[in-house]
>>> print(open('run33.tsv').read())   # TSV, C-alpha atoms and all ligand atoms
chain	number	residue	atom	x	y	z
A	699	MET	CA	118.08	120.00	55.61
A	700	THR	CA	115.55	117.50	54.34
A	701	LEU	CA	115.07	114.40	56.38
A	702	THR	CA	114.79	111.08	54.68
A	703	PRO	CA	111.52	109.52	55.80
A	704	PRO	CA	112.01	106.64	58.21
A	705	THR	CA	111.89	103.20	56.75
A	706	LEU	CA	109.02	101.18	58.17
A	707	ALA	CA	111.24	98.13	58.50
A	708	PRO	CA	113.31	98.51	61.69
A	709	LEU	CA	116.96	99.40	60.98
A	710	SER	CA	117.94	96.68	63.43
A	711	GLY	CA	116.51	94.03	61.12
A	712	PRO	CA	113.08	93.12	59.81
A	713	LEU	CA	110.74	91.15	62.01
A	714	PRO	CA	109.50	87.81	60.66
A	715	GLU	CA	106.46	88.15	58.38
A	716	GLU	CA	104.64	85.56	60.49
A	717	LEU	CA	105.05	87.79	63.58
A	718	LEU	CA	103.81	90.86	61.68
A	719	SER	CA	100.69	89.08	60.50
A	720	ARG	CA	100.06	87.78	64.02
A	721	MET	CA	100.31	91.34	65.43
A	722	ARG	CA	97.87	92.58	62.79
A	723	ALA	CA	95.48	89.73	63.65
A	724	TRP	CA	95.66	90.52	67.40
A	725	ARG	CA	95.17	94.24	66.70
A	726	HIS	CA	92.13	93.72	64.47
A	727	ASP	CA	90.59	91.15	66.83
A	728	ILE	CA	90.94	93.53	69.81
A	729	HIS	CA	89.66	96.46	67.71
A	730	THR	CA	86.51	94.55	66.76
A	731	HIS	CA	85.82	93.70	70.41
A	732	PRO	CA	86.44	96.92	72.39
A	733	GLU	CA	85.99	96.84	76.16
A	734	THR	CA	86.16	99.73	78.61
A	735	ALA	CA	87.46	100.38	82.14
A	736	PHE	CA	87.93	97.23	84.26
A	737	THR	CA	85.66	95.15	81.98
A	738	GLU	CA	88.37	94.20	79.48
A	739	HIS	CA	87.71	90.50	80.14
A	740	ARG	CA	88.02	89.23	76.58
A	741	THR	CA	91.05	91.40	75.80
A	742	SER	CA	92.69	90.38	79.07
A	743	ARG	CA	92.09	86.68	78.29
A	744	LEU	CA	93.49	87.14	74.79
A	745	ALA	CA	96.70	88.67	76.16
A	746	ALA	CA	97.03	86.08	78.95
A	747	GLN	CA	96.53	83.14	76.57
A	748	ALA	CA	99.01	84.54	74.05
A	749	LEU	CA	101.63	85.06	76.80
A	750	ALA	CA	101.03	81.55	78.18
A	751	ASN	CA	101.41	80.09	74.67
A	752	MET	CA	104.82	81.79	74.49
A	753	GLY	CA	105.84	79.98	77.68
A	754	LEU	CA	105.79	83.07	79.93
A	755	GLU	CA	104.68	83.04	83.58
A	756	VAL	CA	101.28	84.74	83.55
A	757	ARG	CA	99.45	86.53	86.36
A	758	GLN	CA	95.84	87.55	85.69
A	759	GLY	CA	93.37	89.57	87.72
A	760	LEU	CA	95.65	92.32	89.03
A	761	ALA	CA	93.34	95.38	89.21
A	762	ALA	CA	90.44	93.25	87.89
A	763	THR	CA	91.53	92.72	84.29
A	764	GLY	CA	95.25	93.55	84.43
A	765	VAL	CA	97.72	90.93	83.18
A	766	VAL	CA	101.47	90.55	83.79
A	767	GLY	CA	103.55	88.12	81.72
A	768	THR	CA	107.07	87.46	83.00
A	769	LEU	CA	110.02	86.33	80.88
A	770	ARG	CA	113.13	85.30	82.84
A	771	ARG	CA	116.44	84.77	81.14
A	772	GLY	CA	119.45	84.36	83.46
A	773	THR	CA	120.62	87.10	85.80
A	774	GLY	CA	120.44	90.82	85.18
A	775	PRO	CA	118.17	93.81	85.70
A	776	THR	CA	114.38	93.64	85.66
A	777	ILE	CA	112.31	95.99	83.54
A	778	GLY	CA	108.58	96.51	83.07
A	779	LEU	CA	107.07	97.26	79.66
A	780	ARG	CA	103.51	98.53	79.85
A	781	ALA	CA	100.60	98.59	77.39
A	782	ASP	CA	96.96	99.56	77.96
A	783	LEU	CA	93.98	97.30	77.19
A	784	ASP	CA	90.94	99.59	77.26
A	785	ALA	CA	88.73	101.26	74.67
A	786	LEU	CA	86.49	104.35	74.86
A	787	ASP	CA	82.76	104.93	75.29
A	788	MET	CA	82.23	106.34	71.81
A	789	HIS	CA	80.68	105.16	68.56
A	790	GLU	CA	82.97	104.24	65.68
A	791	LEU	CA	82.06	105.86	62.34
A	792	GLY	CA	84.85	104.38	60.17
A	793	ASP	CA	84.20	101.43	57.88
A	794	ALA	CA	87.31	99.26	58.30
A	795	PRO	CA	86.58	95.53	58.04
A	796	HIS	CA	87.67	95.19	61.68
A	797	ARG	CA	85.46	98.07	62.94
A	798	SER	CA	83.85	97.81	66.37
A	799	ALA	CA	81.16	95.16	66.76
A	800	ILE	CA	79.98	96.75	70.01
A	801	HIS	CA	77.71	99.76	69.69
A	802	GLY	CA	78.97	102.75	71.70
A	803	LYS	CA	82.45	101.34	72.34
A	804	MET	CA	85.51	101.92	70.24
A	805	HIS	CA	89.30	101.64	70.31
A	806	GLY	CA	89.64	105.35	69.60
A	807	CYS	CA	93.03	105.80	71.25
A	808	GLY	CA	94.98	102.91	69.72
A	809	HIS	CA	95.34	100.79	72.84
A	810	ASP	CA	94.50	97.82	70.59
A	811	GLY	CA	97.75	98.58	68.74
A	812	HIS	CA	99.73	99.11	71.95
A	813	THR	CA	98.62	95.68	73.20
A	814	ALA	CA	99.41	94.00	69.85
A	815	MET	CA	102.90	95.58	69.68
A	816	LEU	CA	103.79	94.51	73.22
A	817	LEU	CA	102.50	90.96	72.59
A	818	GLY	CA	104.56	90.92	69.38
A	819	ALA	CA	107.69	91.92	71.31
A	820	ALA	CA	106.98	89.26	73.95
A	821	GLN	CA	106.58	86.66	71.23
A	822	TYR	CA	109.90	87.63	69.62
A	823	LEU	CA	111.81	87.88	72.91
A	824	SER	CA	110.46	84.53	74.13
A	825	GLN	CA	112.64	82.96	71.41
A	826	ASP	CA	115.57	85.36	71.70
A	827	GLU	CA	118.74	84.46	73.60
A	828	SER	CA	120.50	87.81	73.21
A	829	PHE	CA	119.63	89.27	76.62
A	830	SER	CA	119.98	88.38	80.26
A	831	GLY	CA	117.53	89.52	82.95
A	832	THR	CA	113.80	89.66	83.52
A	833	VAL	CA	111.04	91.41	81.59
A	834	HIS	CA	107.56	91.98	83.02
A	835	PHE	CA	105.06	92.62	80.21
A	836	ILE	CA	102.37	94.71	81.94
A	837	PHE	CA	98.89	95.00	80.37
A	838	GLN	CA	96.82	97.47	82.37
A	839	PRO	CA	93.08	98.15	82.34
A	840	ALA	CA	91.22	101.45	82.37
A	841	GLU	CA	93.78	103.99	81.16
A	842	GLU	CA	90.93	106.26	80.03
A	843	ASN	CA	89.34	108.22	82.90
A	844	GLU	CA	89.39	105.52	85.58
A	845	GLY	CA	93.12	105.38	86.46
A	846	GLY	CA	93.77	101.66	86.00
A	847	GLY	CA	97.49	102.41	86.33
A	848	ARG	CA	96.89	103.77	89.84
A	849	VAL	CA	94.74	100.78	90.75
A	850	MET	CA	97.46	98.40	89.52
A	851	VAL	CA	100.08	100.21	91.62
A	852	GLU	CA	97.77	100.13	94.67
A	853	ALA	CA	97.13	96.42	94.07
A	854	GLY	CA	100.86	95.83	94.56
A	855	LEU	CA	102.22	95.80	91.00
A	856	PHE	CA	105.75	96.77	92.00
A	857	GLU	CA	105.77	94.72	95.21
A	858	GLN	CA	104.81	91.59	93.30
A	859	PHE	CA	106.79	92.46	90.18
A	860	PRO	CA	109.67	94.69	91.29
A	861	CYS	CA	111.17	96.62	88.37
A	862	ASP	CA	114.42	98.59	88.04
A	863	ALA	CA	112.70	100.69	85.38
A	864	VAL	CA	109.36	100.84	83.60
A	865	PHE	CA	108.53	102.04	80.09
A	866	ALA	CA	105.44	102.86	78.00
A	867	LEU	CA	104.69	103.98	74.46
A	868	HIS	CA	101.73	105.83	72.88
A	869	ASN	CA	100.97	106.17	69.19
A	870	SER	CA	100.52	109.72	67.93
A	871	PRO	CA	98.72	110.48	64.63
A	872	ASN	CA	99.85	114.11	64.84
A	873	LEU	CA	103.55	113.19	64.64
A	874	PRO	CA	105.23	112.08	61.39
A	875	LEU	CA	105.00	108.37	60.68
A	876	GLY	CA	107.89	106.41	62.17
A	877	THR	CA	109.34	109.13	64.40
A	878	PHE	CA	109.82	108.92	68.17
A	879	SER	CA	109.37	111.86	70.56
A	880	THR	CA	110.31	112.06	74.20
A	881	ARG	CA	112.02	114.31	76.73
A	882	THR	CA	113.53	114.33	80.20
A	883	GLY	CA	111.09	115.47	82.88
A	884	THR	CA	107.44	116.26	82.28
A	885	MET	CA	105.82	114.61	79.25
A	886	THR	CA	102.11	115.04	80.05
A	887	SER	CA	100.16	117.29	82.39
A	888	ASN	CA	98.61	117.05	85.84
A	889	SER	CA	94.92	116.72	85.09
A	890	ASP	CA	92.32	117.71	87.69
A	891	THR	CA	88.60	118.49	87.57
A	892	PHE	CA	86.41	120.80	89.62
A	893	GLU	CA	82.77	121.53	90.32
A	894	ILE	CA	81.54	124.83	91.70
A	895	ALA	CA	78.00	125.09	93.10
A	896	ILE	CA	76.73	128.68	93.39
A	897	VAL	CA	73.63	129.03	95.52
A	898	GLY	CA	72.06	132.48	95.29
A	899	LYS	CA	68.48	133.53	95.97
A	900	GLY	CA	65.88	132.99	93.31
A	901	SER	CA	63.62	135.88	92.38
A	902	HIS	CA	61.44	137.41	89.68
A	903	ALA	CA	63.64	138.46	86.78
A	904	ALA	CA	61.96	141.89	86.88
A	905	GLN	CA	63.00	142.36	90.52
A	906	PRO	CA	66.66	141.25	90.69
A	907	GLU	CA	67.17	143.43	93.75
A	908	ALA	CA	65.02	140.93	95.71
A	909	GLY	CA	67.38	138.04	95.00
A	910	ILE	CA	71.03	137.06	94.62
A	911	ASP	CA	71.61	136.21	90.97
A	912	PRO	CA	73.82	133.09	90.61
A	913	ILE	CA	74.06	133.62	86.84
A	914	VAL	CA	75.80	136.97	87.30
A	915	VAL	CA	77.99	135.39	90.00
A	916	SER	CA	78.91	132.50	87.73
A	917	SER	CA	79.87	134.94	84.96
A	918	GLN	CA	82.16	136.81	87.36
A	919	LEU	CA	83.67	133.50	88.41
A	920	VAL	CA	84.41	132.32	84.86
A	921	ALA	CA	86.22	135.57	84.10
A	922	ALA	CA	88.07	135.62	87.44
A	923	LEU	CA	89.25	132.02	86.99
A	924	GLN	CA	90.99	133.01	83.75
A	925	ALA	CA	92.88	135.70	85.64
A	926	ILE	CA	94.53	132.93	87.71
A	927	VAL	CA	96.22	131.76	84.51
A	928	SER	CA	97.33	135.22	83.41
A	929	ARG	CA	98.15	136.78	86.83
A	930	ASN	CA	99.14	134.00	89.25
A	931	VAL	CA	101.39	131.79	87.12
A	932	SER	CA	104.76	132.74	85.69
A	933	ALA	CA	104.84	133.46	81.96
A	934	VAL	CA	107.40	130.67	81.55
A	935	ASP	CA	105.21	128.14	83.36
A	936	SER	CA	101.83	126.89	82.13
A	937	LEU	CA	98.33	126.44	83.49
A	938	ILE	CA	95.00	125.80	81.81
A	939	VAL	CA	91.72	126.46	83.63
A	940	SER	CA	88.83	125.51	81.38
A	941	VAL	CA	85.21	125.89	82.48
A	942	THR	CA	83.42	123.36	80.31
A	943	GLN	CA	79.88	123.30	81.74
A	944	ILE	CA	77.47	125.95	83.06
A	945	HIS	CA	74.13	124.66	84.28
A	946	GLY	CA	71.41	126.95	85.57
A	947	GLY	CA	68.03	128.47	84.86
A	948	ASP	CA	64.85	127.13	83.26
A	949	THR	CA	62.95	130.04	81.78
A	950	TRP	CA	63.07	133.71	80.69
A	951	ASN	CA	61.61	135.49	83.67
A	952	VAL	CA	63.01	133.66	86.69
A	953	ILE	CA	66.39	134.27	88.28
A	954	PRO	CA	67.36	130.75	89.38
A	955	GLU	CA	68.39	129.69	92.84
A	956	GLU	CA	71.48	127.76	91.76
A	957	VAL	CA	74.12	127.48	89.02
A	958	VAL	CA	76.72	124.71	88.73
A	959	LEU	CA	80.02	125.13	86.87
A	960	ARG	CA	82.34	122.28	86.00
A	961	GLY	CA	85.74	122.23	84.37
A	962	THR	CA	89.31	121.00	84.27
A	963	CYS	CA	92.77	122.27	85.27
A	964	ARG	CA	95.97	121.21	83.52
A	965	SER	CA	99.45	122.02	84.79
A	966	PHE	CA	102.96	120.61	84.57
A	967	ARG	CA	104.53	121.37	87.94
A	968	ALA	CA	103.28	120.03	91.27
A	969	SER	CA	103.60	123.51	92.85
A	970	THR	CA	101.49	125.06	90.07
A	971	ARG	CA	98.87	122.37	90.54
A	972	THR	CA	98.65	123.15	94.27
A	973	ARG	CA	98.58	126.89	93.61
A	974	ALA	CA	95.80	126.56	91.03
A	975	GLU	CA	93.53	124.79	93.49
A	976	ALA	CA	94.31	127.31	96.25
A	977	ARG	CA	93.64	130.29	93.96
A	978	ILE	CA	90.36	128.81	92.64
A	979	ARG	CA	89.26	128.39	96.25
A	980	ALA	CA	90.27	131.96	97.13
A	981	VAL	CA	88.44	133.36	94.09
A	982	CYS	CA	85.30	131.40	95.04
A	983	ASP	CA	85.49	132.66	98.64
A	984	GLY	CA	86.09	136.25	97.56
A	985	ILE	CA	83.24	136.34	95.07
A	986	ALA	CA	80.96	134.66	97.64
A	987	THR	CA	81.72	137.45	100.11
A	988	ALA	CA	81.21	140.16	97.51
A	989	SER	CA	77.96	138.75	96.12
A	990	GLY	CA	76.33	137.16	99.14
A	991	ALA	CA	75.95	133.86	97.29
A	992	LYS	CA	77.09	130.57	98.83
A	993	ILE	CA	79.84	129.08	96.70
A	994	GLU	CA	81.03	125.53	97.25
A	995	LEU	CA	84.11	124.21	95.43
A	996	ARG	CA	84.79	120.51	94.99
A	997	TYR	CA	88.24	119.85	93.52
A	998	PHE	CA	89.17	116.37	92.33
A	999	ALA	CA	92.82	115.37	91.76
A	1000	GLY	CA	93.06	113.33	88.55
A	1001	TYR	CA	96.18	111.98	86.87
A	1002	PRO	CA	99.53	113.47	87.86
A	1003	ALA	CA	102.11	114.46	85.23
A	1004	CYS	CA	104.19	111.75	83.55
A	1005	VAL	CA	107.77	112.55	84.53
A	1006	ASN	CA	110.57	110.78	82.63
A	1007	THR	CA	113.83	110.15	84.49
A	1008	THR	CA	116.94	111.23	82.58
A	1009	ARG	CA	118.78	107.92	82.40
A	1010	GLU	CA	115.71	105.93	81.34
A	1011	MET	CA	114.71	108.58	78.78
A	1012	GLU	CA	118.19	108.29	77.27
A	1013	LEU	CA	117.92	104.50	77.15
A	1014	ALA	CA	114.51	104.81	75.47
A	1015	ALA	CA	115.93	107.28	72.94
A	1016	SER	CA	118.88	104.96	72.21
A	1017	ALA	CA	116.53	102.05	71.57
A	1018	ALA	CA	114.40	104.26	69.29
A	1019	ARG	CA	117.52	105.38	67.35
A	1020	ARG	CA	118.37	101.74	66.69
A	1021	VAL	CA	114.93	101.29	65.16
A	1022	VAL	CA	114.40	104.45	63.07
A	1023	GLY	CA	117.77	106.28	63.03
A	1024	ALA	CA	118.90	109.27	65.09
A	1025	GLN	CA	117.38	111.86	62.73
A	1026	HIS	CA	113.90	110.52	63.51
A	1027	VAL	CA	114.17	110.65	67.31
A	1028	ASP	CA	113.28	113.92	69.05
A	1029	THR	CA	114.52	113.97	72.65
A	1030	ASN	CA	113.31	117.49	73.39
A	1031	CYS	CA	109.65	117.46	72.39
A	1032	LEU	CA	107.18	119.83	74.02
A	1033	PRO	CA	105.22	118.40	76.95
A	1034	ARG	CA	101.57	117.65	76.16
A	1035	THR	CA	98.58	119.11	77.94
A	1036	GLY	CA	96.81	115.75	77.75
A	1037	SER	CA	97.15	113.26	80.59
A	1038	GLU	CA	98.24	109.66	80.91
A	1039	ASP	CA	97.87	107.33	83.87
A	1040	PHE	CA	101.27	105.68	83.27
A	1041	ALA	CA	102.22	108.64	85.51
A	1042	PHE	CA	101.20	106.57	88.57
A	1043	MET	CA	103.80	103.93	87.62
A	1044	LEU	CA	106.44	106.61	87.02
A	1045	GLU	CA	105.76	107.95	90.52
A	1046	GLN	CA	106.92	104.59	91.90
A	1047	CYS	CA	109.68	103.60	89.54
A	1048	PRO	CA	112.20	105.30	87.23
A	1049	GLY	CA	111.17	105.11	83.60
A	1050	ALA	CA	110.23	106.80	80.36
A	1051	TYR	CA	107.21	107.40	78.17
A	1052	VAL	CA	107.58	107.96	74.42
A	1053	PHE	CA	105.33	108.86	71.51
A	1054	LEU	CA	105.58	106.95	68.24
A	1055	GLY	CA	104.47	109.01	65.24
A	1056	ALA	CA	101.69	107.42	63.20
A	1057	ALA	CA	100.43	110.14	60.80
A	1058	ARG	CA	98.65	108.93	57.68
A	1059	GLU	CA	98.77	110.53	54.24
A	1060	GLY	CA	95.61	112.53	53.50
A	1061	ASP	CA	92.78	112.08	55.95
A	1062	ASN	CA	94.41	111.59	59.35
A	1063	PRO	CA	91.86	111.49	62.18
A	1064	PRO	CA	93.29	112.34	65.62
A	1065	LEU	CA	93.05	110.20	68.76
A	1066	HIS	CA	89.48	110.00	70.20
A	1067	ASN	CA	87.97	110.88	66.79
A	1068	PRO	CA	85.15	108.54	65.65
A	1069	TYR	CA	87.02	107.86	62.35
A	1070	TYR	CA	90.37	107.11	64.05
A	1071	ASP	CA	91.90	103.67	63.50
A	1072	PHE	CA	95.36	102.69	64.79
A	1073	ASN	CA	97.88	102.82	61.94
A	1074	ASP	CA	99.13	99.24	61.42
A	1075	GLU	CA	102.23	100.55	59.65
A	1076	ILE	CA	103.83	101.25	63.03
A	1077	LEU	CA	103.29	97.74	64.41
A	1078	PRO	CA	106.82	96.59	63.40
A	1079	LEU	CA	108.40	99.80	64.72
A	1080	GLY	CA	106.72	99.65	68.11
A	1081	ALA	CA	107.54	95.97	68.57
A	1082	ALA	CA	111.14	96.55	67.42
A	1083	TYR	CA	111.45	99.44	69.89
A	1084	TRP	CA	110.49	97.12	72.77
A	1085	ILE	CA	112.89	94.44	71.54
A	1086	GLU	CA	115.79	96.89	71.23
A	1087	LEU	CA	115.04	98.39	74.65
A	1088	VAL	CA	115.25	94.95	76.25
A	1089	ARG	CA	118.49	94.13	74.40
A	1090	LEU	CA	119.97	97.48	75.38
A	1091	ILE	CA	119.18	97.32	79.10
A	1092	LEU	CA	119.43	93.57	79.65
A	1093	LYS	CA	122.84	93.13	78.05
A	1094	PRO	CA	124.26	89.68	78.81
A	1095	ALA	CA	127.25	89.71	81.16
A	1096	LEU	CA	130.57	89.21	79.32
B	1	ZN	ZN	92.91	108.20	75.04
B	2	ZN	ZN	95.60	106.41	74.94
>>> encode(input="run33.tsv", output="structure tokens")
Amino acid sequence: MTLTPPTLAPLSGPLPEELLSRMRAWRHDIHTHPETAFTEHRTSRLAAQALANMGLEVRQGLAATGVVGTLRRGTGPTIGLRADLDALDMHELGDAPHRSAIHGKMHGCGHDGHTAMLLGAAQYLSQDESFSGTVHFIFQPAEENEGGGRVMVEAGLFEQFPCDAVFALHNSPNLPLGTFSTRTGTMTSNSDTFEIAIVGKGSHAAQPEAGIDPIVVSSQLVAALQAIVSRNVSAVDSLIVSVTQIHGGDTWNVIPEEVVLRGTCRSFRASTRTRAEARIRAVCDGIATASGAKIELRYFAGYPACVNTTREMELAASAARRVVGAQHVDTNCLPRTGSEDFAFMLEQCPGAYVFLGAAREGDNPPLHNPYYDFNDEILPLGAAYWIELVRLILKPAL
């Protein structure tokens, strides 16, 4: 069966041209002025001013640069729609007219587009009478690395803005343009990091018997850590243990005193996450005993998995079908081994996370690539998705 490509005008009706050009203008403005973790002052002000101009109640300064705009329309449920404000510490190599004006910072993950689409939806809904209830438009800082979603939750996001459900969207250049992908349960992985310090006994390289060689120990460790994946986790579950750094030694004829390994663990289930840490610790202890080296493990819990609740995932899929048609909505996509700090909001509140396909013809740089630029063609689809989700959940009472 060949699928007809999705139309880039929402099936539910085209958005006004004036709104589309305003979303493009917001997106390009934010792209030119990228800001990273908790310093998104300009971007935060832009969002807050736009929301205030629409007549929404606006709260600034939640988790430093977080913004919440609230739209109340009669009685009904309350939902939260979340976008992320932050850019990445990387240098943009593309030559778009709106390319980054700040050396070493870049919107390489499309959060500029996420913010523009959610502002576009807020603008449209601020003049729309076809729903009844409350929408909190949540703009969070520091999605990349620093866990702004966690900080917002800890700062009282859901106490101050209680939500019956919360939703988020991420663009995806590796999915076909104008398709939505989601699933019940785990969407993204638990993401942890670790550091292992191996202290041996330095010696002359010609007399290894006089020392304890931390380079040999580190090699044993790297191999043994991979056996956790193949021997301690079920074949129908998943775990990644990647050692990404090995630091040790300065010259040819000296066995060093110390080697440091660093890496990351990705898993989908909480029990697998716990088991991975316990097994890494046991492997370190065992190899320390066998070798005589001191091995110290530091394990850092990062982002938990994003877990979609069934009812909210189905509502999200229904809204997406209204925008692009059922044949372009995948409700059983594979989970991703990347991570996403919207997970901290999903730990507190039912909700769903979806990917919106944004592949370009020809050269199609992935997220976090220096040539990546958010694909403006999905602006109307993302905004229409938010609008349809609100209309679907906040149906006016008959
Ligand atoms: Zn990213
Ligand atoms: Zn991102």
>>> closest_residue(input="run33.tsv", among="A:Gly818, A:Gly764, A:Pro906, A:Gly990", to="Ala840 in chain A", atoms="all atoms listed in the file")
A:Gly764
>>> atom_distance(input="run33.tsv", atom1="CA of His789 in chain A", atom2="CA of Met804 in chain A")
6.1 Å
>>> closest_atom_pairs(input="run33.tsv", of="chain A", to="ligand ZN 1 (chain B)", cutoff="9 Å", atoms="all atoms listed in the file", output="CSV")
residue,atom,partner,partner_atom,distance
A:Ala785,CA,B:ZN1,ZN,8.1
A:Leu786,CA,B:ZN1,ZN,7.5
A:His805,CA,B:ZN1,ZN,8.9
A:Gly806,CA,B:ZN1,ZN,7.0
A:Cys807,CA,B:ZN1,ZN,4.5
A:Gly808,CA,B:ZN1,ZN,7.8
A:His809,CA,B:ZN1,ZN,8.1
A:Glu841,CA,B:ZN1,ZN,7.5
A:Glu842,CA,B:ZN1,ZN,5.7
A:Asn843,CA,B:ZN1,ZN,8.6
A:Gly1036,CA,B:ZN1,ZN,8.9
A:Ser1037,CA,B:ZN1,ZN,8.6
A:Glu1038,CA,B:ZN1,ZN,8.1
A:Leu1065,CA,B:ZN1,ZN,6.6
A:His1066,CA,B:ZN1,ZN,6.2
>>> residues_around(input="run33.tsv", residues="Thr891 in chain A", least_positions_apart="2", cutoff="8 Å", atoms="only C-alpha atoms", output="NGL selection string")
:A and (889 or 893 or 960-963 or 997-1000)
>>> closest_residue(input="run33.tsv", among="A:Ser916, A:Trp724, A:Ser879, A:Asn951", to="Gln1025 in chain A", atoms="only C-alpha atoms")
A:Ser879
>>> closest_residue(input="run33.tsv", among="A:Arg848, A:Arg1034, A:Arg1019, A:His812", to="ligand ZN 2 (chain B)", atoms="all atoms listed in the file")
A:His812
>>> atom_distance(input="run33.tsv", atom1="CA of Val849 in chain A", atom2="CA of Gln1046 in chain A")
12.8 Å
>>> residues_near_point(input="run33.tsv", point="(100.5, 132.1, 89.4)", cutoff="10 Å", atoms="all atoms listed in the file", output="list of chain:residue names")
A:Ala925, A:Ile926, A:Val927, A:Ser928, A:Arg929, A:Asn930, A:Val931, A:Ser932, A:Ala933, A:Asp935, A:Ser936, A:Leu937, A:Ser969, A:Thr970, A:Arg971, A:Arg973, A:Ala974, A:Arg977
>>> residues_around(input="run33.tsv", residues="Cys1004 in chain A", least_positions_apart="4", cutoff="7 Å", atoms="only C-alpha atoms", output="ChimeraX atom specification")
/A:884-887,1038,1040-1041,1044
>>> write_last_selection(input="run33.tsv", atoms="C-alpha atoms", output="PDB file, in the frame of the given file")
ATOM      1  CA  THR A 884     107.440 116.260  82.280  1.00  0.00           C
ATOM      2  CA  MET A 885     105.820 114.610  79.250  1.00  0.00           C
ATOM      3  CA  THR A 886     102.110 115.040  80.050  1.00  0.00           C
ATOM      4  CA  SER A 887     100.160 117.290  82.390  1.00  0.00           C
ATOM      5  CA  GLU A1038      98.240 109.660  80.910  1.00  0.00           C
ATOM      6  CA  PHE A1040     101.270 105.680  83.270  1.00  0.00           C
ATOM      7  CA  ALA A1041     102.220 108.640  85.510  1.00  0.00           C
ATOM      8  CA  LEU A1044     106.440 106.610  87.020  1.00  0.00           C
TER       9      LEU A1044
END
>>> closest_residue(input="run33.tsv", among="A:Gly900, A:Pro871, A:Gly1060, A:Pro860", to="ligand ZN 2 (chain B)", atoms="all atoms listed in the file")
A:Pro871
>>> closest_residue(input="run33.tsv", among="A:Pro714, A:Gly984, A:Pro708, A:Gly845", to="ligand ZN 2 (chain B)", atoms="only C-alpha atoms and all ligand atoms")
A:Gly845
>>> atom_distance(input="run33.tsv", atom1="CA of Phe892 in chain A", atom2="CA of Leu995 in chain A")
7.1 Å
>>> closest_residue(input="run33.tsv", among="A:Leu816, A:Leu867, A:Val766, A:Leu855", to="ligand ZN 2 (chain B)", atoms="only C-alpha atoms and all ligand atoms")
A:Leu867
>>> residues_around(input="run33.tsv", residues="Val765 in chain A", least_positions_apart="5", cutoff="6 Å", atoms="all atoms listed in the file", output="JSON, numbers by chain")
{"A": [757, 758, 837]}
>>> residues_near_point(input="run33.tsv", point="(80.7, 100.5, 74.7)", cutoff="12 Å", atoms="only C-alpha atoms", output="PyMOL selection string")
chain A and resi 730-735+737-738+784-790+798-806
>>> write_last_selection(input="run33.tsv", atoms="C-alpha atoms", output="PDB file, keeping the file's coordinate frame")
ATOM      1  CA  THR A 730      86.510  94.550  66.760  1.00  0.00           C
ATOM      2  CA  HIS A 731      85.820  93.700  70.410  1.00  0.00           C
ATOM      3  CA  PRO A 732      86.440  96.920  72.390  1.00  0.00           C
ATOM      4  CA  GLU A 733      85.990  96.840  76.160  1.00  0.00           C
ATOM      5  CA  THR A 734      86.160  99.730  78.610  1.00  0.00           C
ATOM      6  CA  ALA A 735      87.460 100.380  82.140  1.00  0.00           C
ATOM      7  CA  THR A 737      85.660  95.150  81.980  1.00  0.00           C
ATOM      8  CA  GLU A 738      88.370  94.200  79.480  1.00  0.00           C
ATOM      9  CA  ASP A 784      90.940  99.590  77.260  1.00  0.00           C
ATOM     10  CA  ALA A 785      88.730 101.260  74.670  1.00  0.00           C
ATOM     11  CA  LEU A 786      86.490 104.350  74.860  1.00  0.00           C
ATOM     12  CA  ASP A 787      82.760 104.930  75.290  1.00  0.00           C
ATOM     13  CA  MET A 788      82.230 106.340  71.810  1.00  0.00           C
ATOM     14  CA  HIS A 789      80.680 105.160  68.560  1.00  0.00           C
ATOM     15  CA  GLU A 790      82.970 104.240  65.680  1.00  0.00           C
ATOM     16  CA  SER A 798      83.850  97.810  66.370  1.00  0.00           C
ATOM     17  CA  ALA A 799      81.160  95.160  66.760  1.00  0.00           C
ATOM     18  CA  ILE A 800      79.980  96.750  70.010  1.00  0.00           C
ATOM     19  CA  HIS A 801      77.710  99.760  69.690  1.00  0.00           C
ATOM     20  CA  GLY A 802      78.970 102.750  71.700  1.00  0.00           C
ATOM     21  CA  LYS A 803      82.450 101.340  72.340  1.00  0.00           C
ATOM     22  CA  MET A 804      85.510 101.920  70.240  1.00  0.00           C
ATOM     23  CA  HIS A 805      89.300 101.640  70.310  1.00  0.00           C
ATOM     24  CA  GLY A 806      89.640 105.350  69.600  1.00  0.00           C
TER      25      GLY A 806
END
>>> residues_around(input="run33.tsv", residues="Glu1075 in chain A", least_positions_apart="4", cutoff="10 Å", atoms="only C-alpha atoms", output="list in words")
Leu706, Ala707, Arg722, Leu875, Gly876, Ala1056, Ala1057, Arg1058, Leu1079 and Gly1080 of chain A
>>> residues_around(input="run33.tsv", residues="range 743-754 of chain A", least_positions_apart="6", cutoff="6 Å", atoms="only C-alpha atoms", output="ChimeraX atom specification")
/A:767-769
>>> axis_aligned_box(input="run33.tsv", around="range 879-895 of chain A", padding_each_side="8 Å", output="lines of an AutoDock Vina configuration file")
center_x = 95.8
center_y = 118.5
center_z = 81.8
size_x = 51.5
size_y = 29.2
size_z = 38.5
